[in-house]
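Next comes start35.csv, a file with CSV, C-alpha atoms.
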chain,number,residue,atom,x,y,z
A,1,MET,CA,-0.8,28.6,17.2
A,2,LYS,CA,-1.8,29.6,13.6
A,3,GLU,CA,-3.3,26.8,11.6
A,4,LYS,CA,-1.3,25.6,8.6
A,5,GLY,CA,-2.5,26.6,5.1
A,6,ILE,CA,-4.2,23.9,3.1
A,7,LEU,CA,-1.3,23.3,0.8
A,8,GLU,CA,1.1,23.2,3.7
A,9,LEU,CA,-0.8,20.3,5.1
A,10,PHE,CA,0.1,18.1,2.2
A,11,LYS,CA,3.9,18.5,2.6
A,12,LEU,CA,5.9,15.6,3.9
A,13,ASN,CA,9.2,17.4,4.5
A,14,GLY,CA,11.2,15.6,7.2
A,15,LYS,CA,9.1,12.5,7.1
A,16,VAL,CA,10.3,8.9,6.5
A,17,ALA,CA,8.2,6.4,4.6
A,18,ILE,CA,8.5,2.6,4.3
A,19,VAL,CA,7.0,1.4,1.0
A,20,THR,CA,6.8,-2.4,0.4
A,21,GLY,CA,6.9,-3.6,-3.2
A,22,ALA,CA,8.5,-0.3,-4.4
A,23,THR,CA,10.3,-2.0,-7.4
A,24,GLN,CA,7.6,-1.1,-10.0
A,25,GLY,CA,3.9,-0.4,-10.6
A,26,LEU,CA,1.8,1.1,-7.8
A,27,GLY,CA,4.5,0.8,-5.2
A,28,GLN,CA,7.1,2.6,-7.2
A,29,GLY,CA,4.6,5.3,-8.1
A,30,MET,CA,3.6,5.9,-4.5
A,31,ALA,CA,7.2,5.9,-3.3
A,32,ILE,CA,8.2,8.5,-5.9
A,33,ALA,CA,5.1,10.6,-5.0
A,34,LEU,CA,5.9,10.6,-1.3
A,35,ALA,CA,9.4,11.7,-2.2
A,36,GLU,CA,8.0,14.5,-4.4
A,37,ALA,CA,6.0,15.6,-1.3
A,38,GLY,CA,9.2,15.7,0.7
A,39,ALA,CA,9.7,12.3,2.4
A,40,ASP,CA,12.7,10.1,2.4
A,41,VAL,CA,11.9,6.5,1.5
A,42,CYS,CA,12.8,3.0,2.5
A,43,GLY,CA,11.8,0.5,-0.2
A,44,VAL,CA,11.2,-3.1,0.9
A,45,GLY,CA,10.8,-6.2,-1.2
A,46,ILE,CA,12.5,-8.3,-3.9
A,47,GLY,CA,13.8,-7.2,-7.2
A,48,ASP,CA,16.0,-4.4,-8.4
A,49,MET,CA,15.0,-1.0,-7.0
A,50,ALA,CA,17.7,0.9,-8.9
A,51,GLU,CA,15.1,2.8,-11.0
A,52,THR,CA,13.1,3.8,-8.0
A,53,ARG,CA,16.3,4.9,-6.3
A,54,VAL,CA,17.4,7.1,-9.2
A,55,LYS,CA,14.0,8.8,-9.5
A,56,ILE,CA,13.8,9.5,-5.8
A,57,GLU,CA,17.4,10.7,-5.4
A,58,ALA,CA,16.8,13.0,-8.4
A,59,LEU,CA,14.2,14.7,-6.3
A,60,GLY,CA,16.8,15.4,-3.6
A,61,ARG,CA,15.4,12.8,-1.2
A,62,LYS,CA,17.2,9.9,0.4
A,63,PHE,CA,16.4,6.3,-0.6
A,64,HIS,CA,17.3,3.1,1.3
A,65,SER,CA,16.4,-0.4,0.1
A,66,ILE,CA,15.8,-3.6,2.1
A,67,ASP,CA,15.8,-6.9,0.3
A,68,ALA,CA,13.1,-9.1,1.8
A,69,ASP,CA,10.9,-12.0,0.8
A,70,LEU,CA,7.6,-10.8,2.2
A,71,VAL,CA,5.8,-14.1,1.2
A,72,ASN,CA,7.8,-16.1,3.6
A,73,ALA,CA,8.8,-13.4,6.1
A,74,SER,CA,8.7,-14.2,9.8
A,75,VAL,CA,7.6,-11.7,12.5
A,76,GLU,CA,11.3,-11.4,13.4
A,77,ASP,CA,12.1,-10.5,9.7
A,78,LEU,CA,9.5,-7.8,9.8
A,79,ASN,CA,10.7,-6.4,13.1
A,80,LYS,CA,14.2,-6.2,11.5
A,81,ILE,CA,12.8,-4.1,8.7
A,82,VAL,CA,11.7,-1.5,11.3
A,83,LEU,CA,15.0,-1.6,13.1
A,84,ASP,CA,16.9,-1.2,9.9
A,85,THR,CA,14.9,1.7,8.8
A,86,VAL,CA,15.3,3.5,12.1
A,87,SER,CA,19.0,2.8,12.1
A,88,VAL,CA,19.3,4.6,8.7
A,89,PHE,CA,16.8,7.4,9.1
A,90,GLY,CA,16.3,7.7,12.9
A,91,HIS,CA,12.5,7.4,12.8
A,92,ILE,CA,9.5,6.3,10.8
A,93,ASP,CA,6.4,8.4,10.0
A,94,ILE,CA,4.6,6.5,7.2
A,95,LEU,CA,4.1,2.9,6.3
A,96,VAL,CA,2.7,1.9,2.9
A,97,ASN,CA,1.7,-1.8,2.8
A,98,ASN,CA,1.7,-2.2,-1.0
A,99,ALA,CA,3.5,-5.6,-1.7
A,100,GLY,CA,1.1,-8.3,-2.7
A,101,ILE,CA,0.4,-11.1,-5.1
A,102,ILE,CA,-2.5,-12.7,-6.9
A,103,ARG,CA,-3.1,-16.4,-7.9
A,104,ARG,CA,-5.8,-17.3,-10.4
A,105,GLN,CA,-7.3,-20.8,-10.3
A,106,ASP,CA,-10.9,-22.1,-10.4
A,107,THR,CA,-12.1,-22.0,-6.8
A,108,ILE,CA,-13.2,-25.7,-6.9
A,109,ASP,CA,-9.6,-26.7,-7.6
A,110,PHE,CA,-7.8,-23.9,-5.7
A,111,SER,CA,-4.5,-25.2,-4.1
A,112,GLU,CA,-3.3,-24.9,-0.6
A,113,GLU,CA,-0.1,-23.3,-1.9
A,114,ASN,CA,-2.0,-20.7,-3.8
A,115,TRP,CA,-4.0,-20.0,-0.7
A,116,ASP,CA,-1.1,-19.8,1.7
A,117,ASP,CA,1.3,-17.7,-0.4
A,118,VAL,CA,-1.3,-15.0,-1.1
A,119,MET,CA,-2.6,-14.9,2.5
A,120,ASN,CA,0.9,-14.7,3.8
A,121,ILE,CA,2.0,-11.6,1.9
A,122,ASN,CA,-1.3,-9.9,1.4
A,123,LEU,CA,-2.6,-10.2,5.0
A,124,LYS,CA,-0.2,-11.8,7.5
A,125,THR,CA,2.8,-9.6,6.4
A,126,ILE,CA,0.6,-6.5,6.4
A,127,PHE,CA,-0.7,-7.2,9.9
A,128,PHE,CA,2.6,-7.9,11.6
A,129,LEU,CA,4.6,-5.2,9.7
A,130,SER,CA,1.9,-2.7,10.7
A,131,GLN,CA,2.1,-4.0,14.3
A,132,ALA,CA,5.9,-3.5,14.4
A,133,VAL,CA,5.6,0.0,12.9
A,134,ALA,CA,2.8,0.9,15.3
A,135,LYS,CA,5.1,0.0,18.2
A,136,GLN,CA,7.7,2.3,16.8
A,137,TYR,CA,5.2,5.1,16.4
A,138,ILE,CA,4.1,4.6,20.0
A,139,LYS,CA,7.8,4.7,21.1
A,140,GLN,CA,8.4,7.9,19.2
A,141,GLY,CA,5.3,9.5,20.8
A,142,LYS,CA,4.2,11.4,17.7
A,143,GLY,CA,1.8,9.1,16.0
A,144,GLY,CA,2.1,8.1,12.3
A,145,LYS,CA,0.3,6.9,9.2
A,146,ILE,CA,-0.4,3.4,8.0
A,147,ILE,CA,-1.7,3.0,4.4
A,148,SER,CA,-2.5,-0.5,3.1
A,149,ILE,CA,-3.4,-1.4,-0.4
A,150,ALA,CA,-6.8,-3.2,-0.5
A,151,SER,CA,-8.8,-3.8,-3.6
A,152,MET,CA,-12.3,-3.4,-5.1
A,153,LEU,CA,-12.4,-7.2,-4.2
A,154,SER,CA,-12.5,-6.0,-0.6
A,155,TYR,CA,-16.1,-5.2,-1.6
A,156,GLN,CA,-16.8,-7.9,-4.2
A,157,GLY,CA,-16.3,-11.6,-4.6
A,158,GLY,CA,-14.2,-11.8,-7.7
A,159,ILE,CA,-13.8,-14.8,-10.0
A,160,ARG,CA,-11.0,-17.4,-9.7
A,161,VAL,CA,-9.1,-15.5,-7.1
A,162,PRO,CA,-10.5,-16.7,-3.7
A,163,SER,CA,-7.3,-16.2,-1.6
A,164,TYR,CA,-6.9,-12.7,-3.1
A,165,THR,CA,-10.5,-11.8,-2.3
A,166,ALA,CA,-10.2,-13.2,1.2
A,167,SER,CA,-6.9,-11.3,1.8
A,168,LYS,CA,-8.1,-8.0,0.5
A,169,SER,CA,-11.4,-8.3,2.5
A,170,GLY,CA,-9.1,-8.9,5.4
A,171,VAL,CA,-7.1,-5.8,4.7
A,172,LYS,CA,-10.2,-3.7,4.9
A,173,GLY,CA,-11.1,-5.4,8.1
A,174,ILE,CA,-7.8,-5.0,9.9
A,175,THR,CA,-7.6,-1.4,8.7
A,176,MET,CA,-10.7,-0.7,10.8
A,177,THR,CA,-9.3,-2.7,13.7
A,178,PHE,CA,-6.1,-0.7,13.7
A,179,ALA,CA,-8.1,2.5,13.8
A,180,ASN,CA,-10.2,1.3,16.7
A,181,GLU,CA,-7.2,0.5,18.8
A,182,TRP,CA,-4.5,2.8,17.7
A,183,ALA,CA,-6.2,6.1,17.0
A,184,LYS,CA,-5.6,7.0,20.7
A,185,TYR,CA,-1.9,7.0,19.8
A,186,ASN,CA,-2.4,9.5,17.0
A,187,ILE,CA,-2.0,6.7,14.4
A,188,ASN,CA,-4.1,6.9,11.3
A,189,SER,CA,-4.7,3.6,9.5
A,190,ASN,CA,-6.5,3.8,6.1
A,191,ALA,CA,-6.5,1.7,2.9
A,192,ILE,CA,-6.7,2.4,-0.8
A,193,ALA,CA,-8.8,0.0,-3.0
A,194,PRO,CA,-7.5,0.3,-6.5
A,195,GLY,CA,-9.7,-0.8,-9.4
A,196,TYR,CA,-8.4,-2.3,-12.6
A,197,MET,CA,-4.9,-0.9,-12.9
A,198,ALA,CA,-2.5,-1.3,-15.8
A,199,THR,CA,0.1,-3.2,-13.8
A,200,ALA,CA,1.7,-6.6,-13.9
A,201,ASN,CA,-1.1,-8.1,-11.9
A,202,THR,CA,-3.6,-7.4,-14.6
A,203,ALA,CA,-1.4,-8.2,-17.6
A,204,PRO,CA,-3.1,-11.6,-18.3
A,205,ILE,CA,-6.5,-9.9,-18.3
A,206,ARG,CA,-5.4,-7.0,-20.5
A,207,ALA,CA,-4.0,-9.5,-23.0
A,208,ASP,CA,-7.4,-11.1,-23.3
A,209,GLU,CA,-9.2,-8.7,-25.8
A,210,THR,CA,-12.7,-10.0,-24.9
A,211,ARG,CA,-12.2,-9.8,-21.1
A,212,ALA,CA,-10.4,-6.5,-21.4
A,213,GLY,CA,-13.3,-5.1,-23.5
A,214,GLU,CA,-15.9,-6.2,-21.0
A,215,ILE,CA,-14.0,-4.6,-18.1
A,216,LEU,CA,-13.5,-1.2,-19.9
A,217,GLU,CA,-17.2,-1.2,-20.9
A,218,ARG,CA,-18.1,-1.3,-17.2
A,219,ILE,CA,-15.7,1.3,-15.9
A,220,PRO,CA,-17.4,4.7,-16.1
A,221,ALA,CA,-14.0,6.4,-16.7
A,222,SER,CA,-13.5,4.1,-19.7
A,223,ARG,CA,-9.8,3.5,-19.0
A,224,TRP,CA,-7.4,1.4,-16.9
A,225,GLY,CA,-6.0,3.1,-13.9
A,226,THR,CA,-2.4,4.1,-13.5
A,227,PRO,CA,0.1,4.4,-10.6
A,228,HIS,CA,-0.4,8.1,-10.9
A,229,ASP,CA,-4.1,7.8,-10.1
A,230,VAL,CA,-3.2,6.1,-6.8
A,231,ALA,CA,-0.2,8.3,-5.9
A,232,GLY,CA,-2.2,11.4,-5.0
A,233,VAL,CA,-4.5,9.5,-2.7
A,234,CYS,CA,-1.4,8.0,-1.0
A,235,VAL,CA,0.2,11.4,-0.4
A,236,PHE,CA,-3.1,12.7,1.0
A,237,LEU,CA,-3.4,9.8,3.4
A,238,ALA,CA,0.2,10.2,4.4
A,239,SER,CA,-0.2,13.9,5.2
A,240,GLU,CA,-1.7,16.0,7.9
A,241,ALA,CA,-4.5,16.9,5.5
A,242,SER,CA,-6.1,13.5,6.3
A,243,SER,CA,-5.6,13.7,10.1
A,244,TYR,CA,-9.3,13.0,10.9
A,245,ILE,CA,-9.7,10.1,8.5
A,246,ASN,CA,-9.2,6.8,10.2
A,247,GLY,CA,-10.2,3.2,9.4
A,248,PHE,CA,-11.6,3.9,6.0
A,249,THR,CA,-10.9,2.3,2.6
A,250,ILE,CA,-11.0,4.7,-0.3
A,251,ALA,CA,-11.8,3.2,-3.8
A,252,VAL,CA,-9.7,4.5,-6.7
A,253,ASP,CA,-11.5,2.6,-9.4
A,254,GLY,CA,-12.7,5.0,-12.1
A,255,GLY,CA,-16.2,4.5,-10.8
A,256,TRP,CA,-16.3,0.7,-11.1
A,257,LEU,CA,-18.1,0.2,-7.7
A,258,ALA,CA,-20.6,2.8,-8.5
A,259,ARG,CA,-22.0,0.9,-11.5

Reformat the file's structure so that it appears as structure tokens.
Amino acid sequence: MKEKGILELFKLNGKVAIVTGATQGLGQGMAIALAEAGADVCGVGIGDMAETRVKIEALGRKFHSIDADLVNASVEDLNKIVLDTVSVFGHIDILVNNAGIIRRQDTIDFSEENWDDVMNINLKTIFFLSQAVAKQYIKQGKGGKIISIASMLSYQGGIRVPSYTASKSGVKGITMTFANEWAKYNINSNAIAPGYMATANTAPIRADETRAGEILERIPASRWGTPHDVAGVCVFLASEASSYINGFTIAVDGGWLAR
């Protein structure tokens, strides 16, 4: 069989992607990018996804939304997301674990609620949703892609965000575990570690002129990242072009970790 051309490898025609947290920011950007590459999309999370729907359907792709509280989701809830997606589209090929939250508080006073809420959505939900999707991939017999959003705090300690740091370090870890156990099923599990992005999560920091200036001074690219910066990496990891990459976390941080 003739090998596909390099640009052909990036096409996602006929694929179905689940994207959590597709309402805005990075999740919306990745959902739209996957649709541009040819995939139909199921957006999962809370909030109005009307804007995401309009943009994806304008590309000629299908969009389905599932309202789900991923902070308090049970394993049964996550299994239902998979069943719902399959009932609408017939199969799943790509999972993007994007939904997440951050809580800021001095570590010495950090509350149990701030710990549990962040760990639930940032790590527990990612693990059990990935598990449910992997079971579907195995059932389908064609493999699939799992892409999780880690962070540069998967590599660093951070300040005043202990549960976020722990959860994102965990994302990096379970990404490697998934690869170790599921590669034999032709399942690729990788993660993206965004740096400082101009999203809702960083709004308090960007509003602090002193802190924002210190951050920009350290970023070699001298700018905040955007959803567009992450979207291309997501499409790459969702495509056949990345078929021999497994268990790796790619930093998209403007060079922050290099300095």

Here is a test: counting only C-alpha atoms, which residue of A:Leu95, A:Gly195, A:Val118, A:Ala183 is nearest to Asp229 (chain A)?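 Comparing A:Leu95, A:Gly195, A:Val118, A:Ala183 against Asp229 (chain A), the winner is A:Gly195.
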
Measuring atom to atom with all atoms listed in the file, identify which of A:Tyr196, A:Tyr137, A:Tyr155, A:Trp224 is nearest to Ile92 (chain A).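 Ranking A:Tyr196, A:Tyr137, A:Tyr155, A:Trp224 by distance to Ile92 (chain A), first place goes to A:Tyr137.
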
Atom-to-atom span, CA of Ser74 (chain A) and CA of Cys42 (chain A), Å: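 Between these atoms lies a distance of 19.1 Å.
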
What does the distance from CA of Tyr185 (chain A) to CA of Asn98 (chain A) come to in Å, to one decimal? 23.0 Å

Counting all atoms listed in the file, what are the residues of region 153-200 of chain A within 9 Å of region 107-116 of chain A, and for each of them which pair of atoms is the nearest and at what distance in Å, to one decimal? Sort the table by chain and rising number, as CSV.
residue,atom,partner,partner_atom,distance
A:Ile159,CA,A:Thr107,CA,8.1
A:Arg160,CA,A:Thr107,CA,5.5
A:Val161,CA,A:Thr107,CA,7.2
A:Pro162,CA,A:Thr107,CA,6.3
A:Ser163,CA,A:Trp115,CA,5.1
A:Tyr164,CA,A:Trp115,CA,8.2

Write out the residues from the selection above, keeping C-alpha atoms, as an mmCIF file, in the coordinates of the input.
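Output contents, as saved in again-v4.cif:
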data_model
loop_
_atom_site.group_PDB
_atom_site.id
_atom_site.type_symbol
_atom_site.label_atom_id
_atom_site.label_comp_id
_atom_site.auth_asym_id
_atom_site.auth_seq_id
_atom_site.Cartn_x
_atom_site.Cartn_y
_atom_site.Cartn_z
ATOM 1 C CA ILE A 159 -13.800 -14.800 -10.000
ATOM 2 C CA ARG A 160 -11.000 -17.400 -9.700
ATOM 3 C CA VAL A 161 -9.100 -15.500 -7.100
ATOM 4 C CA PRO A 162 -10.500 -16.700 -3.700
ATOM 5 C CA SER A 163 -7.300 -16.200 -1.600
ATOM 6 C CA TYR A 164 -6.900 -12.700 -3.100
#

Tell me which of A:Gly254, A:Gly232, A:Pro220, A:Gly173 sits closest to Leu26 (chain A), counting all atoms listed in the file.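 The shortest atom-to-atom distance to Leu26 (chain A) comes from A:Gly232.
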
Would you compute the distance between CA of Ile66 (chain A) and CA of Ile94 (chain A)? Give it in Å to one decimal.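 If I compute the distance from CA of Ile66 (chain A) to CA of Ile94 (chain A), I get 15.9 Å.
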
Selection near region 235-249 of chain A, 6 Å with only C-alpha atoms, sequence-local residues under 4 positions removed, as a list in words: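 Near region 235-249 of chain A, the qualifying residues are Leu9, Phe10, Leu34, Lys145, Thr175, Met176, Ala179, Asn188, Ser189, Asn190, Ala191 and Ile192 of chain A.
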
Radius query 8 Å about (1.1, 10.8, 17.3), atoms used: only C-alpha atoms, as JSON, numbers by chain: {"A": [137, 138, 141, 142, 143, 144, 185, 186, 187]}

Selection: 9 Å around Met30 (chain A), only C-alpha atoms, excl. self and same-chain fewer than 6 positions, as a count of residues only: 10

From A:His91, A:Lys184, A:Lys124, A:Arg104, residue lying nearest Asn72 (chain A) [all atoms listed in the file]: A:Lys124

Which residues, written as a PyMOL selection string, have at least one atom at most 10 Å from Lys55 (chain A), with all atoms listed in the file counted and residues fewer than 3 positions away on the same chain left out? chain A and resi 28+31-32+35-36+50-52+58-61+63

Among the residues A:Phe89, A:Trp256, A:Phe127, A:Phe178, the one that comes closest to Ala193 (chain A) [using all atoms listed in the file]: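 Of the candidates, the smallest distance to Ala193 (chain A) is held by A:Trp256.
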
Find the residue from A:Leu70, A:Met197, A:Val88, A:Leu83 that sits nearest to Asn122 (chain A); use all atoms listed in the file when measuring.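 Using all atoms listed in the file, Asn122 (chain A) sits closest to A:Leu70.
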
What lies within 10 Å of Asn201 (chain A) using only C-alpha atoms, ignoring chain neighbours under 3 positions off, as a ChimeraX atom specification? /A:25,100-103,196-198,204-206
